[in-house]
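Notes follow the structure.
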Amino acid sequence: MSLSLSFTHPILSRHVYSAVFPPPRFLFLSPLIPTTSRFPILYRAPQRATALSATAVTASIFRDTAASASVFAGAYALVFTFDILTQKELIQQNLSRKLVHILSGLLFAISWPIFSNADEARYFASLVPLFNCLRLVIHGLSLTDDQSLIKSVTREGNPKELLRGPLYYVAMLMLCALVFWRESPVGVICLAMMCGGDGVADIIGRKYGSSKIPYNQSKSWVGSISMFVSGFIISIGMLYYYSALGYLQLDWGYTLHRVAFISLVATVVESLPITMLIDDNISVPLASMLAAYLTFGH
């Protein structure tokens with residue numbers, strides 16, 4: 001003899017669980033329409049909830065794709081603009097190269113908030129430096145020829161230069177986006193020091209750097225001071241930007257001291273006579289990254 005229990009449950013279909021005993025995430029209460037079932041209370045997620053989730057995912061993918069395309073277009077427009085200015089001799093090539101160095105990385109970091117809140121958003125953002133990384137490798141190996149690219153990012157017009165400083169630069173952009181993204185001050189400070197601090201130091205140092213550092217005759221006091229000041233100011237500006245948007249919550253009293261320390265570490269590393277061993281686009285961001293990680297703790 002078997003015994004089965006079946007009944008309709010228009011009442012049980014309502015709020016059965018209290019705030020103290022919430023339902024499992026993968027189970028939902030039954031709909032308001034009375035039904036007859038051997039298992040009357042619990043069943044798997046309704047199709048409407050699944051549809052809404054799929055819609056949200058689709059919206060995030062569309063937004064991130066559009067954001068990636070916008071950032072890529074902006075990066076191309078930036079380089080194209082400075083190419084035109086250089087060709088018309090409105091700006092020197094070395095200055096053009098450094099301004100691209102400063103602006104491209106900072107604008108990339110500033111663009112992160114236009115991406116969605118999905119976990120995968122950082123991967124979409126990283127597509128831009130990844131594409132540029134592949135582009136540098138292709139042209140650096142002379143598989144194709146792009147003189148405008150070579151002139152805009154190299155010192156001497158040698159395609160092999162693309163496989164050193166410029167390649168390290170875009171690799172660091174990708175690393176900071178993938179590892180730290182918007183939730184940590186570490187990546188933001190790292191890019192501020194590499195793009196802003198190091199870039200400004202080179203511009204000011206070349207023009208006014210007559211007084212050299214004793215242990216490195218290729219670096220000047222004014223260049224190092226410029227790096228410390230500009231790196232500090234740009235880092236604070238970037239942190240304030242992300243704090244105002246709600247991504248970071250900072251104690252500004254401690255933050256100012258910590259950023260000053262990080263700027264000092266990056267400046268000292270940049271002044272060392274190790275350029276022949278390790279490029280500034282590796283040493284400066286890694287030193288900034290380590291100092292920021294140790295001081296901010298995440």
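Just so we're on the same page: first chain in the structure tokens is A, next is B, and so on; residues restart at 1 for each chain, and ligands are numbered from 1 in the order they show up.
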ask   = Tell me, which residues of region 103-204 of chain A carry DSSP helix (DSSP H, G or I), written as a VMD selection string?
value = chain A and resid 103 to 110 112 to 114 121 to 140 147 to 153 159 to 163 165 to 179 185 to 204
query = Got a sec: who's within 7 Å of region 181-192 of chain A, counting only C-alpha atoms, leaving out chain neighbours fewer than 3 positions off, as a PyMOL selection string?
reply = chain A and resi 105-106+109+122+176-178+195-197+231+234-235+238-239+247-248+285+288-289+292-293+298
message = For region 277-282 of chain A, find every residue with an atom within 9 Å (counting only C-alpha atoms), except residues of its own chain fewer than 6 positions away, and show them as a ChimeraX atom specification.
response = /A:164-169,172,194-195,198,269-270
query = Nearest to Ile225 (chain A) among A:Met193, A:Ala54, A:Met276, A:Leu264, with distances taken over only C-alpha atoms: which residue is it?
reply = A:Leu264
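Take the candidates A:Ser152, A:Ser60, A:Ala66, A:Pro214 and check each one against Leu85 (chain A) using only C-alpha atoms; the shortest distance goes to A:Ser152.
Comparing A:Tyr76, A:Tyr208, A:Tyr123, A:Phe82 by their smallest distance to Asn94 (chain A), the closest is A:Phe82 (using only C-alpha atoms).
The nearest approach to Leu162 (chain A) among the residues A:Ala201, A:Val179, A:Val137, A:Leu143, with only C-alpha atoms taken into account, belongs to A:Val137.
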request  = Any chance you could list, as a PyMOL selection string, the residues in region 58-274 of chain A that come up strand (DSSP E) when DSSP is run on the backbone?
outcome  = chain A and resi 212-213+216-220
Taking a cut-off of 9 Å and counting only C-alpha atoms, can you build a table that, for each residue of region 63-122 of chain A near region 202-207 of chain A, reports the nearest atom pair and how far apart they are in Å (one decimal), sorted by chain then residue number, as JSON lines?
```
{"residue": "A:Asn94", "atom": "CA", "partner": "A:Ile203", "partner_atom": "CA", "distance": 8.7}
{"residue": "A:Leu95", "atom": "CA", "partner": "A:Ile203", "partner_atom": "CA", "distance": 7.0}
{"residue": "A:Lys98", "atom": "CA", "partner": "A:Ile203", "partner_atom": "CA", "distance": 7.2}
{"residue": "A:Leu99", "atom": "CA", "partner": "A:Ile203", "partner_atom": "CA", "distance": 8.8}
```
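For the atom pair formed by CA of Thr65 (chain A) and CA of Pro129 (chain A), the distance is 14.4 Å, given to one decimal.
If you look at CA of Val284 (chain A) and CA of Asn117 (chain A), they are 29.6 Å away from each other.
CA of Ser263 (chain A) is positioned 5.4 Å from CA of Phe228 (chain A).
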Need to verify the contact set: Phe80 (chain A), 12 Å, only C-alpha atoms, exclusion of same-chain residues closer than 3 positions in sequence. Can you return it as a PDB file with N, CA and C atoms, in the first residue's frame?
```pdb
ATOM      1  N   ALA A  73      39.160  53.429 -30.641  1.00  0.00           N
ATOM      2  CA  ALA A  73      39.042  54.557 -31.567  1.00  0.00           C
ATOM      3  C   ALA A  73      39.725  55.791 -30.995  1.00  0.00           C
ATOM      4  N   GLY A  74      39.553  56.017 -29.696  1.00  0.00           N
ATOM      5  CA  GLY A  74      40.206  57.154 -29.059  1.00  0.00           C
ATOM      6  C   GLY A  74      41.715  57.053 -29.097  1.00  0.00           C
ATOM      7  N   ALA A  75      42.240  55.839 -28.846  1.00  0.00           N
ATOM      8  CA  ALA A  75      43.689  55.636 -28.885  1.00  0.00           C
ATOM      9  C   ALA A  75      44.237  55.878 -30.282  1.00  0.00           C
ATOM     10  N   TYR A  76      43.523  55.385 -31.291  1.00  0.00           N
ATOM     11  CA  TYR A  76      43.953  55.589 -32.682  1.00  0.00           C
ATOM     12  C   TYR A  76      43.912  57.066 -33.036  1.00  0.00           C
ATOM     13  N   ALA A  77      42.861  57.770 -32.598  1.00  0.00           N
ATOM     14  CA  ALA A  77      42.726  59.196 -32.898  1.00  0.00           C
ATOM     15  C   ALA A  77      43.834  60.004 -32.234  1.00  0.00           C
ATOM     16  N   ASP A  83      50.612  62.421 -35.029  1.00  0.00           N
ATOM     17  CA  ASP A  83      51.300  62.177 -36.298  1.00  0.00           C
ATOM     18  C   ASP A  83      51.130  63.367 -37.236  1.00  0.00           C
ATOM     19  N   ILE A  84      49.919  63.883 -37.311  1.00  0.00           N
ATOM     20  CA  ILE A  84      49.648  65.037 -38.167  1.00  0.00           C
ATOM     21  C   ILE A  84      50.425  66.258 -37.677  1.00  0.00           C
ATOM     22  N   LEU A  85      50.428  66.470 -36.371  1.00  0.00           N
ATOM     23  CA  LEU A  85      51.155  67.614 -35.813  1.00  0.00           C
ATOM     24  C   LEU A  85      52.646  67.510 -36.088  1.00  0.00           C
ATOM     25  N   THR A  86      53.163  66.282 -36.036  1.00  0.00           N
ATOM     26  CA  THR A  86      54.590  66.078 -36.313  1.00  0.00           C
ATOM     27  C   THR A  86      54.908  66.290 -37.781  1.00  0.00           C
ATOM     28  N   GLN A  87      54.055  65.777 -38.656  1.00  0.00           N
ATOM     29  CA  GLN A  87      54.275  65.930 -40.090  1.00  0.00           C
ATOM     30  C   GLN A  87      54.239  67.392 -40.521  1.00  0.00           C
ATOM     31  N   SER A  96      56.344  64.715 -29.315  1.00  0.00           N
ATOM     32  CA  SER A  96      55.135  63.989 -29.712  1.00  0.00           C
ATOM     33  C   SER A  96      55.113  62.590 -29.119  1.00  0.00           C
ATOM     34  N   ARG A  97      56.248  61.922 -29.178  1.00  0.00           N
ATOM     35  CA  ARG A  97      56.341  60.556 -28.662  1.00  0.00           C
ATOM     36  C   ARG A  97      56.053  60.515 -27.163  1.00  0.00           C
ATOM     37  N   VAL A 100      52.331  61.204 -26.364  1.00  0.00           N
ATOM     38  CA  VAL A 100      51.568  59.971 -26.587  1.00  0.00           C
ATOM     39  C   VAL A 100      51.780  59.010 -25.424  1.00  0.00           C
ATOM     40  N   SER A 104      48.170  58.406 -23.600  1.00  0.00           N
ATOM     41  CA  SER A 104      47.493  57.156 -23.976  1.00  0.00           C
ATOM     42  C   SER A 104      47.225  56.279 -22.756  1.00  0.00           C
ATOM     43  N   SER A 148      54.317  55.471 -39.875  1.00  0.00           N
ATOM     44  CA  SER A 148      53.686  56.411 -38.942  1.00  0.00           C
ATOM     45  C   SER A 148      53.737  55.881 -37.515  1.00  0.00           C
ATOM     46  N   LEU A 149      53.506  54.580 -37.346  1.00  0.00           N
ATOM     47  CA  LEU A 149      53.599  53.974 -36.022  1.00  0.00           C
ATOM     48  C   LEU A 149      55.032  54.015 -35.515  1.00  0.00           C
ATOM     49  N   LYS A 151      57.500  56.034 -36.314  1.00  0.00           N
ATOM     50  CA  LYS A 151      57.943  57.389 -35.988  1.00  0.00           C
ATOM     51  C   LYS A 151      57.296  57.919 -34.716  1.00  0.00           C
ATOM     52  N   SER A 152      56.077  57.485 -34.438  1.00  0.00           N
ATOM     53  CA  SER A 152      55.339  58.050 -33.304  1.00  0.00           C
ATOM     54  C   SER A 152      55.763  57.473 -31.963  1.00  0.00           C
ATOM     55  N   VAL A 153      56.336  56.267 -31.933  1.00  0.00           N
ATOM     56  CA  VAL A 153      56.626  55.641 -30.636  1.00  0.00           C
ATOM     57  C   VAL A 153      58.078  55.204 -30.462  1.00  0.00           C
TER      58      VAL A 153
END
```
remark   = The residue from A:Gln249, A:Thr295, A:Thr255, A:Ser210 with the smallest atom-to-atom distance to Phe232 (chain A), counting only C-alpha atoms, is A:Thr255
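Comparing A:Ala56, A:Leu163, A:Ala118, A:Ala67 by their smallest distance to His139 (chain A), the closest is A:Leu163 (using only C-alpha atoms).
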